[in-house]
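Trainee: Encoded as structure tokens, here's the structure I'll be asking about.
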Amino acid sequence: MIVAERKPFEEIAVAASGFRKVLVAGCGTCVAVCLTGGEKEAGILATQLDMAAQLGEREQVFSVGCVERQCDREFLEELGPQIAEADAVISLACGAGIQFLAEAYPDTPVLSGVNTTFIGVNEDVGVWTERCRSCRDCLLTLTGGVCPIALCPKGMLNGPCGGADKGKCETDQERDCAWSVIYRRLENTGRLANLDQLIEARDHRDLLPGRQVHPAYQRRYSAHE
Amino acid sequence: MSKFSDALAGGKFVVTVEMDPPRGPALGDMDALANSLGSKVDAVVVSDNRGAVARMSPVLAAHHLIKHSQAEVILTLTCRDRNRLALTSEMLAAAAGGVQNLLLVSGDFVTLGDQPGSRPVYDLDSVQALGLASLLAQGRDFSGELAAPAAFFLGASLPVATEPPALAGIKFAKKLKAGAGYFMTQPVSGAADLEALAQLPMAADTKIIAGLELGDDQEAGPLLELAKELKSGGKASGVHLACPANPQRLAELVDKLS
């Protein structure tokens, strides 16, 4: 899932200070699961902003809304009536959701209430760790289900760098070297021969903005339509 | 090909020293060191923003040493600060200035340096960078033909603390295949550090130069003993001496080794 953390309160309060009626819009999927931007967190933020406004003697009104997913047009429509009443919206969705909300309501200022951090997993209660950089050319079959792009700071593709020290990363002695983990995983599953394969330089056109059309919809969205 | 490769091929126990380009625009200090050491060692390894701290371009520093000193130069290029286009252009520039030996490494991560928020590149890893240099020798880059080939004696680094040790062998083999003709190890503190490497099947016929690093406050004695042990025991093809905190001490080390 996509993991995000809430922006510092002061930053949000300052950004919102110029608006009288502000909607705090949560998102019910990824950011709700990582306890950052769901309905509950939207309610808490609105209450905090309300208290700060009262203390600062600013005449502001904060309301709360939440949809299942801000990255989906159908769900965003549900926010229409509330947004029509607001001077600005603070979105607690991930960066994708915030942008789609701003696109759906282009006449309303949309403010970001979170910093999107990574695509990751819920490793333990209250702990999320990064696992994927959405590079568009998945290596996980070859690398034993351990991603050297997401888990090695240098994205080394053909083995560990010289900085690896007894199986730990040169950037953090607490973190396992991704390549040591890859080695052990492939060893456990009898696939060490995978490591003999030279991995060529990657195609970094993954940095171009992505667009994906499902094969069944190719005709509908083709340029010739 | 180069004097350095000839020395290794001839079975000489080589001695190389590390030299950082200046953290400023003046080359004077480097000149002085190169003039006192250049003719006594088999090569001066010009480092590339060592420790992820910005210094003068190593390509320019290498050109300068070639022009103004007796030193045989090994130019280090890291993958940290350059994408494949920039690596290609620096290799071509190096060749134009007479550089014959390269050391291609991934490079210390930026968070180990003084500007930890810098964007690291690593468009290529060290194996792929060696592959690029090998293409240049054939007059090509990843895309197509060059106007003329640029050939170098290629070197790569070898870690000494890989866990499990067999993992080091995998990258070692890939680097050999990609064109590495010699290897420099990460700094070792004793001959035992080289044992795991020596047991790898590809180590037997490979030129491996042991990295020896002297801290500014360390006595030179033990390091010199180790260098002599490696030489007499045939445990390495040479030693690479570094004293980043006080490179002036390299002269003392080199004099006592020869």
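Residue names in the structure tokens use chain letters A, B, ... in the order shown, residue numbers from 1 in each chain, and ligand numbers from 1 in the order shown.
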Using only C-alpha atoms and a distance of at most 6 Å, pull out the residues of chain B that contact chain A, as an mmCIF file with N, CA and C atoms, in the first residue's frame.
Mentor:
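Done, and the output landed in selection_15.cif:
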data_model
loop_
_atom_site.group_PDB
_atom_site.id
_atom_site.type_symbol
_atom_site.label_atom_id
_atom_site.label_comp_id
_atom_site.auth_asym_id
_atom_site.auth_seq_id
_atom_site.Cartn_x
_atom_site.Cartn_y
_atom_site.Cartn_z
ATOM 1 N N TYR B 122 23.966 6.610 -9.448
ATOM 2 C CA TYR B 122 23.957 5.149 -9.617
ATOM 3 C C TYR B 122 23.090 4.708 -10.791
ATOM 4 N N LEU B 124 24.368 3.510 -13.395
ATOM 5 C CA LEU B 124 25.023 2.223 -13.631
ATOM 6 C C LEU B 124 25.577 1.730 -12.306
ATOM 7 N N ASP B 125 25.726 0.419 -12.160
ATOM 8 C CA ASP B 125 26.513 -0.081 -11.036
ATOM 9 C C ASP B 125 27.939 -0.308 -11.545
ATOM 10 N N PRO B 159 35.277 -6.030 -2.018
ATOM 11 C CA PRO B 159 35.003 -5.917 -0.592
ATOM 12 C C PRO B 159 35.690 -7.042 0.170
ATOM 13 N N ALA B 161 34.576 -7.750 3.526
ATOM 14 C CA ALA B 161 33.714 -8.156 4.647
ATOM 15 C C ALA B 161 32.313 -8.489 4.155
ATOM 16 N N THR B 162 32.246 -9.209 3.030
ATOM 17 C CA THR B 162 30.929 -9.564 2.497
ATOM 18 C C THR B 162 30.375 -10.758 3.262
ATOM 19 N N GLU B 163 29.107 -10.705 3.541
ATOM 20 C CA GLU B 163 28.448 -11.789 4.269
ATOM 21 C C GLU B 163 27.238 -12.260 3.465
ATOM 22 N N LYS B 171 29.916 -11.091 -7.546
ATOM 23 C CA LYS B 171 30.207 -9.805 -8.178
ATOM 24 C C LYS B 171 31.629 -9.785 -8.755
#
Trainee: Using only C-alpha atoms, which residues sit within 6 Å of region 60-76 of chain B once same-chain residues fewer than 4 positions away are excluded, as a PyMOL selection string?
Mentor: chain B and resi 35+38-39+43-48+97+101-104
Trainee: So how many Å separate CA of Leu154 (chain B) and CA of Gly51 (chain B), to one decimal?
Mentor: 21.5 Å
Trainee: For the atom pair CA of Arg69 (chain A) and CA of Asp137 (chain A), what is the interatomic distance in Å to one decimal place?
Mentor: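 CA of Asp137 (chain A) lies at a distance of 26.4 Å from CA of Arg69 (chain A).
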Trainee: Taking the DSSP secondary structure from the backbone, can you list the residues of region 14-151 of chain B that are strand (DSSP E or B), as a ChimeraX atom specification?
Mentor: /B:14-19,43-46,73-78,101-105,140,145
Trainee: Would you give me, as an MDAnalysis selection string, the residues in region 10-164 of chain A that DSSP reads as alpha helix (DSSP H)?
Mentor: chainID A and resid 10:16 30:33 39:55 73:77 80:84 95:104 148:151
Trainee: Store the residues of this selection in a file with C-alpha atoms, as a PDB file, in the first residue's frame.
Mentor:
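again00.pdb, freshly written:
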ATOM      1  CA  GLU A  10       2.265  24.174  12.174  1.00  0.00           C
ATOM      2  CA  GLU A  11       2.874  23.764   8.450  1.00  0.00           C
ATOM      3  CA  ILE A  12      -0.760  22.794   7.846  1.00  0.00           C
ATOM      4  CA  ALA A  13      -2.111  25.549  10.107  1.00  0.00           C
ATOM      5  CA  VAL A  14      -0.045  28.221   8.348  1.00  0.00           C
ATOM      6  CA  ALA A  15      -1.094  26.990   4.895  1.00  0.00           C
ATOM      7  CA  ALA A  16      -4.761  27.040   5.919  1.00  0.00           C
ATOM      8  CA  CYS A  30      -4.084   3.339   2.222  1.00  0.00           C
ATOM      9  CA  VAL A  31      -3.634   6.426   4.383  1.00  0.00           C
ATOM     10  CA  ALA A  32      -6.412   5.219   6.686  1.00  0.00           C
ATOM     11  CA  VAL A  33      -4.661   1.880   7.177  1.00  0.00           C
ATOM     12  CA  GLU A  39     -11.783   9.692   8.671  1.00  0.00           C
ATOM     13  CA  LYS A  40     -10.579   9.523  12.274  1.00  0.00           C
ATOM     14  CA  GLU A  41      -7.361  11.425  11.548  1.00  0.00           C
ATOM     15  CA  ALA A  42      -9.276  13.999   9.483  1.00  0.00           C
ATOM     16  CA  GLY A  43     -11.542  14.589  12.495  1.00  0.00           C
ATOM     17  CA  ILE A  44      -8.581  14.965  14.847  1.00  0.00           C
ATOM     18  CA  LEU A  45      -6.838  17.444  12.531  1.00  0.00           C
ATOM     19  CA  ALA A  46     -10.018  19.506  12.124  1.00  0.00           C
ATOM     20  CA  THR A  47     -10.389  19.686  15.917  1.00  0.00           C
ATOM     21  CA  GLN A  48      -6.742  20.720  16.360  1.00  0.00           C
ATOM     22  CA  LEU A  49      -7.062  23.388  13.658  1.00  0.00           C
ATOM     23  CA  ASP A  50     -10.265  24.650  15.228  1.00  0.00           C
ATOM     24  CA  MET A  51      -8.600  24.993  18.633  1.00  0.00           C
ATOM     25  CA  ALA A  52      -5.569  26.739  17.126  1.00  0.00           C
ATOM     26  CA  ALA A  53      -7.837  29.133  15.224  1.00  0.00           C
ATOM     27  CA  GLN A  54      -9.729  29.976  18.392  1.00  0.00           C
ATOM     28  CA  LEU A  55      -6.476  30.543  20.292  1.00  0.00           C
ATOM     29  CA  ARG A  73     -13.342   9.955  -9.696  1.00  0.00           C
ATOM     30  CA  GLU A  74     -16.564   8.247  -8.632  1.00  0.00           C
ATOM     31  CA  PHE A  75     -15.726   8.549  -4.955  1.00  0.00           C
ATOM     32  CA  LEU A  76     -14.468  12.117  -5.332  1.00  0.00           C
ATOM     33  CA  GLU A  77     -17.912  13.150  -6.605  1.00  0.00           C
ATOM     34  CA  GLY A  80     -18.896  17.834  -4.246  1.00  0.00           C
ATOM     35  CA  PRO A  81     -21.497  19.323  -1.917  1.00  0.00           C
ATOM     36  CA  GLN A  82     -18.999  19.814   0.927  1.00  0.00           C
ATOM     37  CA  ILE A  83     -16.372  21.339  -1.353  1.00  0.00           C
ATOM     38  CA  ALA A  84     -18.958  23.741  -2.771  1.00  0.00           C
ATOM     39  CA  GLY A  95       0.011  12.599  -3.354  1.00  0.00           C
ATOM     40  CA  ALA A  96      -1.991  10.887  -6.076  1.00  0.00           C
ATOM     41  CA  GLY A  97      -5.276  11.402  -4.261  1.00  0.00           C
ATOM     42  CA  ILE A  98      -4.487  15.050  -3.479  1.00  0.00           C
ATOM     43  CA  GLN A  99      -3.793  15.746  -7.142  1.00  0.00           C
ATOM     44  CA  PHE A 100      -6.900  13.964  -8.345  1.00  0.00           C
ATOM     45  CA  LEU A 101      -8.999  15.919  -5.871  1.00  0.00           C
ATOM     46  CA  ALA A 102      -7.437  19.182  -7.082  1.00  0.00           C
ATOM     47  CA  GLU A 103      -8.098  18.132 -10.658  1.00  0.00           C
ATOM     48  CA  ALA A 104     -11.721  17.262  -9.922  1.00  0.00           C
ATOM     49  CA  PRO A 148      17.529  -4.308  -4.765  1.00  0.00           C
ATOM     50  CA  ILE A 149      16.136  -1.064  -6.117  1.00  0.00           C
ATOM     51  CA  ALA A 150      13.928  -0.304  -3.130  1.00  0.00           C
ATOM     52  CA  LEU A 151      16.115  -1.893  -0.450  1.00  0.00           C
TER      53      LEU A 151
END
Trainee: Set the distance at 10 Å and use only C-alpha atoms: which residues neighbour region 115-117 of chain A once local chain neighbours fewer than 2 positions away are removed? I'd like the list as a VMD selection string.
Mentor: chain A and resid 2 to 8 31 36 92 to 96 112 to 113 119 to 120 128 to 130
Trainee: Print the selection's residues with N, CA and C atoms to a file, as an mmCIF file, in the first residue's frame.
Mentor:
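What landed in again-v5.cif:
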data_model
loop_
_atom_site.group_PDB
_atom_site.id
_atom_site.type_symbol
_atom_site.label_atom_id
_atom_site.label_comp_id
_atom_site.auth_asym_id
_atom_site.auth_seq_id
_atom_site.Cartn_x
_atom_site.Cartn_y
_atom_site.Cartn_z
ATOM 1 N N ILE A 2 0.194 2.388 -0.202
ATOM 2 C CA ILE A 2 0.922 3.652 -0.163
ATOM 3 C C ILE A 2 0.918 4.179 1.272
ATOM 4 N N VAL A 3 2.117 4.528 1.728
ATOM 5 C CA VAL A 3 2.261 4.973 3.110
ATOM 6 C C VAL A 3 2.535 6.480 3.119
ATOM 7 N N ALA A 4 1.936 7.154 4.072
ATOM 8 C CA ALA A 4 2.144 8.604 4.196
ATOM 9 C C ALA A 4 2.222 8.967 5.667
ATOM 10 N N GLU A 5 2.809 10.120 5.932
ATOM 11 C CA GLU A 5 2.830 10.616 7.312
ATOM 12 C C GLU A 5 2.254 12.023 7.311
ATOM 13 N N ARG A 6 1.630 12.374 8.423
ATOM 14 C CA ARG A 6 1.012 13.696 8.447
ATOM 15 C C ARG A 6 2.069 14.772 8.497
ATOM 16 N N LYS A 7 1.797 15.871 7.807
ATOM 17 C CA LYS A 7 2.720 16.998 7.874
ATOM 18 C C LYS A 7 2.700 17.586 9.287
ATOM 19 N N PRO A 8 3.768 18.284 9.659
ATOM 20 C CA PRO A 8 3.756 18.942 10.978
ATOM 21 C C PRO A 8 2.551 19.885 11.082
ATOM 22 N N VAL A 31 -4.027 5.519 3.298
ATOM 23 C CA VAL A 31 -3.634 6.426 4.383
ATOM 24 C C VAL A 31 -4.457 6.219 5.655
ATOM 25 N N THR A 36 -2.899 7.674 9.131
ATOM 26 C CA THR A 36 -2.443 9.028 8.837
ATOM 27 C C THR A 36 -3.564 9.924 8.325
ATOM 28 N N LEU A 92 -5.955 14.716 3.059
ATOM 29 C CA LEU A 92 -5.048 13.823 3.787
ATOM 30 C C LEU A 92 -4.778 12.550 2.994
ATOM 31 N N ALA A 93 -5.101 12.582 1.691
ATOM 32 C CA ALA A 93 -4.810 11.420 0.851
ATOM 33 C C ALA A 93 -3.335 11.433 0.478
ATOM 34 N N CYS A 94 -2.906 10.374 -0.195
ATOM 35 C CA CYS A 94 -1.535 10.350 -0.719
ATOM 36 C C CYS A 94 -1.415 11.391 -1.825
ATOM 37 N N GLY A 95 -0.218 11.592 -2.317
ATOM 38 C CA GLY A 95 0.011 12.599 -3.354
ATOM 39 C C GLY A 95 -0.859 12.400 -4.588
ATOM 40 N N ALA A 96 -1.147 11.155 -4.907
ATOM 41 C CA ALA A 96 -1.991 10.887 -6.076
ATOM 42 C C ALA A 96 -3.418 11.355 -5.802
ATOM 43 N N SER A 112 -2.088 20.242 0.880
ATOM 44 C CA SER A 112 -1.626 18.908 1.241
ATOM 45 C C SER A 112 -1.422 18.802 2.750
ATOM 46 N N GLY A 113 -2.049 17.796 3.354
ATOM 47 C CA GLY A 113 -1.910 17.614 4.801
ATOM 48 C C GLY A 113 -0.947 16.498 5.172
ATOM 49 N N ILE A 119 5.789 3.163 -1.067
ATOM 50 C CA ILE A 119 4.940 1.980 -1.220
ATOM 51 C C ILE A 119 5.545 0.935 -0.298
ATOM 52 N N GLY A 120 4.770 0.485 0.663
ATOM 53 C CA GLY A 120 5.372 -0.403 1.643
ATOM 54 C C GLY A 120 4.393 -1.383 2.251
ATOM 55 N N TRP A 128 5.687 0.676 9.300
ATOM 56 C CA TRP A 128 5.606 0.399 7.870
ATOM 57 C C TRP A 128 7.002 0.524 7.276
ATOM 58 N N THR A 129 7.316 -0.334 6.319
ATOM 59 C CA THR A 129 8.631 -0.248 5.682
ATOM 60 C C THR A 129 8.475 -0.300 4.161
ATOM 61 N N GLU A 130 9.392 0.373 3.506
ATOM 62 C CA GLU A 130 9.323 0.496 2.051
ATOM 63 C C GLU A 130 9.688 -0.812 1.366
#
Trainee: Name all residues at most 8 Å from Arg82 (chain B) (count only C-alpha atoms; drop same-chain ones fewer than 4 positions away) and give them as a ChimeraX atom specification.
Mentor: /B:78,86-87,121-123
Trainee: Do you know which residues are at most 12 Å from Arg211 (chain A) counting only C-alpha atoms, after dropping those on the same chain fewer than 3 positions away, and could you put them as a JSON list (two decimals) with C-alpha atoms, in the first residue's frame?
Mentor:
[["chain", "number", "residue", "atom", "x", "y", "z"],
["A", 136, "ARG", "CA", 8.05, -0.60, -14.16],
["A", 206, "ASP", "CA", 10.23, 5.09, -15.69],
["A", 207, "LEU", "CA", 10.86, 8.74, -14.78],
["A", 208, "LEU", "CA", 8.50, 9.85, -17.52],
["A", 214, "HIS", "CA", -5.86, -2.06, -19.62],
["A", 221, "TYR", "CA", -8.56, 5.11, -25.49]]
Trainee: CA of Ala54 (chain B) and CA of Ser89 (chain B) are how many Å apart?
Mentor: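 We find that CA of Ala54 (chain B) and CA of Ser89 (chain B) lie 19.2 Å from each other.
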Trainee: Which of these residues is nearest to Pro201 (chain B), using only C-alpha atoms: B:Ala168, B:Leu112, B:Val188, B:Leu146?
Mentor: B:Ala168
Trainee: Using only C-alpha atoms, which residues sit within 7 Å of Ala210 (chain B) once same-chain residues fewer than 6 positions away are excluded, as a PyMOL selection string?
Mentor: chain B and resi 184-185+188+236+238-240
Trainee: Output N, CA and C atoms for every residue in the selection just made, as a compact mmCIF listing (two decimals), in the first residue's frame.
Mentor:
# COMPACT_ATOMS: atom_id res chain seq x y z
N MET B 184 41.28 -3.75 -6.50
CA MET B 184 41.78 -3.13 -5.27
C MET B 184 40.78 -3.45 -4.16
N THR B 185 41.29 -3.96 -3.04
CA THR B 185 40.37 -4.32 -1.96
C THR B 185 40.03 -3.10 -1.12
N VAL B 188 42.20 -3.30 4.44
CA VAL B 188 42.29 -4.50 5.27
C VAL B 188 43.10 -4.17 6.53
N ALA B 236 49.16 -10.97 -1.92
CA ALA B 236 48.53 -9.93 -2.73
C ALA B 236 49.49 -9.57 -3.85
N GLY B 238 50.05 -6.56 -4.66
CA GLY B 238 50.59 -5.25 -4.34
C GLY B 238 49.80 -4.63 -3.21
N VAL B 239 50.19 -3.43 -2.85
CA VAL B 239 49.43 -2.72 -1.81
C VAL B 239 49.09 -1.32 -2.31
N HIS B 240 47.94 -0.87 -1.87
CA HIS B 240 47.50 0.49 -2.17
C HIS B 240 47.45 1.24 -0.85
Trainee: So, with only C-alpha atoms as the atoms that count, which of B:Leu8, B:Leu197, B:Val53, B:Leu212 lies closest to Arg23 (chain B)?
Mentor: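 So, comparing all the options, the nearest one is B:Val53.
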Trainee: List the spatial neighbours of region 127-137 of chain B as a PyMOL selection string - criterion: any atom at most 6 Å away, only C-alpha atoms, same-chain residues fewer than 6 positions off excluded.
Mentor: chain B and resi 149-151+175+178
Trainee: Keeping C-alpha atoms for every residue in the selection just given, could you write it to a file as a PDB file, in the first residue's frame?
Mentor:
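Resulting contents of selection.pdb:
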ATOM      1  CA  PRO B 149      37.978   3.821 -29.420  1.00  0.00           C
ATOM      2  CA  ALA B 150      39.230   4.695 -25.931  1.00  0.00           C
ATOM      3  CA  ALA B 151      40.988   1.824 -24.209  1.00  0.00           C
ATOM      4  CA  LYS B 175      33.553  -7.713 -12.812  1.00  0.00           C
ATOM      5  CA  ALA B 178      33.007  -7.114 -17.680  1.00  0.00           C
TER       6      ALA B 178
END
Trainee: From the set B:Ile208, B:Ala52, B:Ala95, B:Leu250, which residue has the shortest atom-to-atom contact distance to Ala9 (chain B), counting only C-alpha atoms?
Mentor: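 Going through B:Ile208, B:Ala52, B:Ala95, B:Leu250 one by one, the smallest distance to Ala9 (chain B) is for B:Ile208.
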